[in-house]
file work-v2.txt (compact mmCIF, C-alpha atoms (C1' of nucleotides))
# COMPACT_ATOMS: atom_id res chain seq x y z
CA MET N 1 35.59 90.95 -55.00
CA PRO N 2 36.77 93.40 -57.56
CA SER N 3 36.72 97.07 -56.87
CA LEU N 4 34.14 99.30 -58.47
CA PHE N 5 36.75 100.62 -60.82
CA ALA N 6 37.49 97.10 -61.98
CA GLU N 7 33.81 96.36 -62.44
CA GLN N 8 33.45 99.28 -64.79
CA VAL N 9 36.45 98.24 -66.78
CA TYR N 10 35.17 94.70 -67.10
CA ALA N 11 31.74 95.96 -68.08
CA GLU N 12 33.13 98.01 -70.94
CA LEU N 13 35.53 95.34 -72.02
CA ARG N 14 32.70 92.84 -72.21
CA LYS N 15 31.00 95.11 -74.76
CA VAL N 16 33.82 94.59 -77.21
CA PRO N 17 32.41 92.55 -80.12
CA TRP N 18 33.90 89.27 -81.20
CA GLY N 19 36.96 89.61 -83.36
CA ARG N 20 37.61 93.13 -82.17
CA VAL N 21 40.13 94.67 -79.80
CA THR N 22 40.37 97.83 -77.75
CA THR N 23 43.09 99.90 -76.17
CA TYR N 24 43.82 100.83 -72.59
CA LYS N 25 43.26 104.43 -73.46
CA GLU N 26 39.83 103.93 -74.98
CA LEU N 27 38.90 101.68 -72.11
CA ALA N 28 40.00 104.28 -69.63
CA ARG N 29 37.99 106.92 -71.42
CA ALA N 30 34.96 104.63 -71.44
CA VAL N 31 35.03 104.45 -67.67
CA GLY N 32 35.89 108.11 -67.42
CA THR N 33 39.38 107.92 -65.99
CA LYS N 34 42.94 108.52 -67.03
CA ALA N 35 44.41 105.72 -65.02
CA TYR N 36 45.77 103.75 -67.93
CA ARG N 37 48.12 101.92 -65.62
CA SER N 38 45.36 100.93 -63.31
CA ILE N 39 43.58 99.38 -66.26
CA GLY N 40 46.57 97.12 -66.62
CA GLN N 41 46.38 96.15 -63.00
CA VAL N 42 42.73 95.28 -63.42
CA MET N 43 43.54 93.17 -66.45
CA ARG N 44 46.23 91.36 -64.57
CA ALA N 45 43.77 90.61 -61.81
CA ASN N 46 41.26 89.39 -64.38
CA PRO N 47 39.00 87.40 -62.02
CA PHE N 48 36.49 87.03 -64.85
CA ALA N 49 38.83 85.22 -67.25
CA PRO N 50 37.72 84.18 -70.48
CA GLU N 51 34.45 85.99 -69.85
CA VAL N 52 36.42 89.20 -69.78
CA PRO N 53 38.94 88.74 -72.59
CA CYS N 54 41.84 90.80 -71.37
CA HIS N 55 43.78 89.60 -74.41
CA ARG N 56 41.51 91.81 -76.51
CA VAL N 57 43.10 94.83 -74.91
CA VAL N 58 46.17 96.21 -76.61
CA ALA N 59 48.36 99.27 -76.29
CA SER N 60 47.30 102.56 -77.88
CA ASP N 61 49.74 102.13 -80.76
CA GLY N 62 48.48 98.65 -81.61
CA SER N 63 51.28 96.78 -79.91
CA ILE N 64 50.36 93.84 -77.77
CA GLY N 65 51.71 95.58 -74.73
CA GLY N 66 52.82 93.52 -71.84
CA PHE N 67 50.83 90.31 -72.05
CA GLY N 68 52.07 88.91 -75.35
CA GLY N 69 55.61 90.04 -75.78
CA GLU N 70 58.50 89.14 -73.57
CA TRP N 71 56.23 89.30 -70.61
CA ARG N 72 54.58 85.98 -71.26
CA ARG N 73 57.75 83.98 -70.99
CA GLY N 74 58.26 83.16 -67.35
CA LYS N 75 54.70 83.88 -66.44
CA LYS N 76 51.91 81.40 -66.78
CA ILE N 77 49.60 83.11 -69.20
CA ASP N 78 47.44 81.09 -71.54
CA ASP N 79 47.80 81.27 -75.29
CA LYS N 80 45.25 84.04 -75.36
CA VAL N 81 47.09 85.89 -78.06
CA SER N 82 47.13 82.82 -80.26
CA LEU N 83 43.48 82.23 -79.52
CA LEU N 84 42.78 85.80 -80.42
CA ALA N 85 44.50 85.36 -83.75
CA LYS N 86 42.25 82.39 -84.29
CA GLU N 87 39.20 84.56 -83.84
CA GLY N 88 40.29 86.92 -86.57
CA VAL N 89 42.56 89.34 -84.76
CA VAL N 90 45.89 88.44 -86.26
CA VAL N 91 48.91 89.33 -84.21
CA ASN N 92 52.24 89.46 -85.97
CA ASP N 93 55.53 90.30 -84.30
CA GLY N 94 53.80 91.72 -81.26
CA ARG N 95 51.57 93.86 -83.40
CA VAL N 96 47.91 93.66 -84.36
CA VAL N 97 47.41 93.38 -88.10
CA ASP N 98 45.03 96.04 -89.41
CA PHE N 99 44.89 97.45 -85.95
CA GLU N 100 42.62 100.36 -86.77
CA ARG N 101 40.28 98.03 -88.57
CA VAL N 102 39.68 95.62 -85.72
CA LEU N 103 39.84 98.30 -83.08
CA PHE N 104 36.52 98.83 -81.34
CA ARG N 105 35.90 102.45 -80.36
CA PHE N 106 33.41 103.10 -77.61
CA ARG N 107 32.55 106.76 -77.85
C1' DC S 1 47.05 108.76 -44.37
C1' DT S 2 51.60 107.66 -46.80
C1' DC S 3 54.46 104.62 -49.82
C1' DG S 4 55.53 101.52 -53.48
C1' DT S 5 54.04 99.20 -57.59
C1' DG S 6 52.33 98.74 -62.39
C1' DA S 7 49.60 94.23 -68.67
C1' DC S 8 50.19 102.60 -69.73
C1' DT S 9 50.86 107.17 -72.36
C1' DT S 10 53.03 111.09 -73.85
C1' DA S 11 56.98 114.17 -74.31
C1' DC S 12 61.81 114.97 -75.11
C1' DG S 13 66.75 114.31 -76.66
C1' DA A 1 62.82 105.66 -84.94
C1' DC A 2 64.62 104.43 -80.16
C1' DG A 3 65.62 104.88 -75.20
C1' DT A 4 64.73 107.50 -71.17
C1' DA A 5 62.00 110.55 -68.09
C1' DA A 6 57.92 112.34 -66.31
C1' DG A 7 52.90 112.22 -65.51
C1' DC A 8 48.96 109.84 -64.37
C1' DC A 9 45.53 107.01 -61.39
C1' DA A 10 43.94 103.02 -58.56
C1' DC A 11 45.13 99.43 -55.25
C1' DG A 12 47.22 96.87 -51.43
C1' DA A 13 50.18 97.00 -47.32
call {"tool": "encode", "arguments": {"input": "work-v2.txt", "output": "structure tokens"}}
result
Amino acid sequence: MPSLFAEQVYAELRKVPWGRVTTYKELARAVGTKAYRSIGQVMRANPFAPEVPCHRVVASDGSIGGFGGEWRRGKKIDDKVSLLAKEGVVVNDGRVVDFERVLFRFR
DNA sequence: CTCGTGACTTACG
DNA sequence: ACGTAAGCCACGA
């Protein structure tokens, strides 16, 4: 059972519209915390996979972060990034195309 | 309670 | 712009 912190993160992440992405920072702000790193841990746990699309979460600068770059080789992650690109969020060279355009801001 | 870890961010050289 | 260091918070042991 996920911790309360995780629940909040998942709740906010689930609000992200289709074809949009969000950042760890925004997500952290949404839940009212500054634990950006913990967000990552929650994503890694991701007990609510595809329901909670952790692949829609990217770094603050638009980079894929850890789940799409060199991190995926060796680990058994699904082709979430590729799937994401299929939904409209194009990822090129570890970067989200038109990042600011597809970025969903909570506030 | 203390310690180590981490899919992060920001600051500095 | 790039690599390194420090800061930050939550979680499991």
call {"tool": "closest_atom_pairs", "arguments": {"input": "work-v2.txt", "of": "chain N", "to": "chain S", "cutoff": "8 Å", "atoms": "all atoms listed in the file", "output": "Markdown table"}}
result
| residue | atom | partner | partner_atom | distance |
| --- | --- | --- | --- | --- |
| N:Tyr24 | CA | S:DC8 | C1' | 7.2 |
| N:Tyr36 | CA | S:DC8 | C1' | 4.9 |
| N:Arg37 | CA | S:DC8 | C1' | 4.7 |
| N:Ser38 | CA | S:DG6 | C1' | 7.4 |
| N:Gly40 | CA | S:DA7 | C1' | 4.7 |
| N:Gln41 | CA | S:DG6 | C1' | 6.5 |
| N:Met43 | CA | S:DA7 | C1' | 6.5 |
| N:Arg44 | CA | S:DA7 | C1' | 6.0 |
| N:Ala59 | CA | S:DC8 | C1' | 7.6 |
| N:Gly65 | CA | S:DA7 | C1' | 6.6 |
| N:Gly66 | CA | S:DA7 | C1' | 4.6 |
| N:Phe67 | CA | S:DA7 | C1' | 5.3 |
call {"tool": "residues_around", "arguments": {"input": "work-v2.txt", "residues": "N:Gly62", "least_positions_apart": "3", "cutoff": "6 Å", "atoms": "all atoms listed in the file", "output": "PyMOL selection string"}}
result
chain N and resi 59+95-96+99
call {"tool": "interface_residues", "arguments": {"input": "work-v2.txt", "of": "chain A", "to": "chain N", "cutoff": "12 Å", "atoms": "only C-alpha atoms (C1' of nucleotides)", "output": "compact mmCIF listing (two decimals) with C-alpha atoms (C1' of nucleotides), keeping the file's coordinate frame"}}
result
# COMPACT_ATOMS: atom_id res chain seq x y z
C1' DG A 7 52.90 112.22 -65.51
C1' DC A 8 48.96 109.84 -64.37
C1' DC A 9 45.53 107.01 -61.39
C1' DA A 10 43.94 103.02 -58.56
C1' DC A 11 45.13 99.43 -55.25
C1' DG A 12 47.22 96.87 -51.43
call {"tool": "closest_residue", "arguments": {"input": "work-v2.txt", "among": "N:Met1, N:Arg107, N:Glu100, N:Gly94", "to": "N:Ala45", "atoms": "only C-alpha atoms"}}
result
N:Met1
call {"tool": "closest_residue", "arguments": {"input": "work-v2.txt", "among": "N:Trp18, N:Ala28, N:Ser82, N:Leu13", "to": "N:Ala49", "atoms": "all atoms listed in the file"}}
result
N:Leu13
call {"tool": "atom_distance", "arguments": {"input": "work-v2.txt", "atom1": "atom CA of N:Gly19", "atom2": "atom CA of N:Val102"}}
result
7.0 Å
call {"tool": "atom_distance", "arguments": {"input": "work-v2.txt", "atom1": "atom C1' of A:DA13", "atom2": "atom CA of N:Lys25"}}
result
28.0 Å
call {"tool": "atom_distance", "arguments": {"input": "work-v2.txt", "atom1": "atom CA of N:Val90", "atom2": "atom CA of N:Pro47"}}
result
25.2 Å
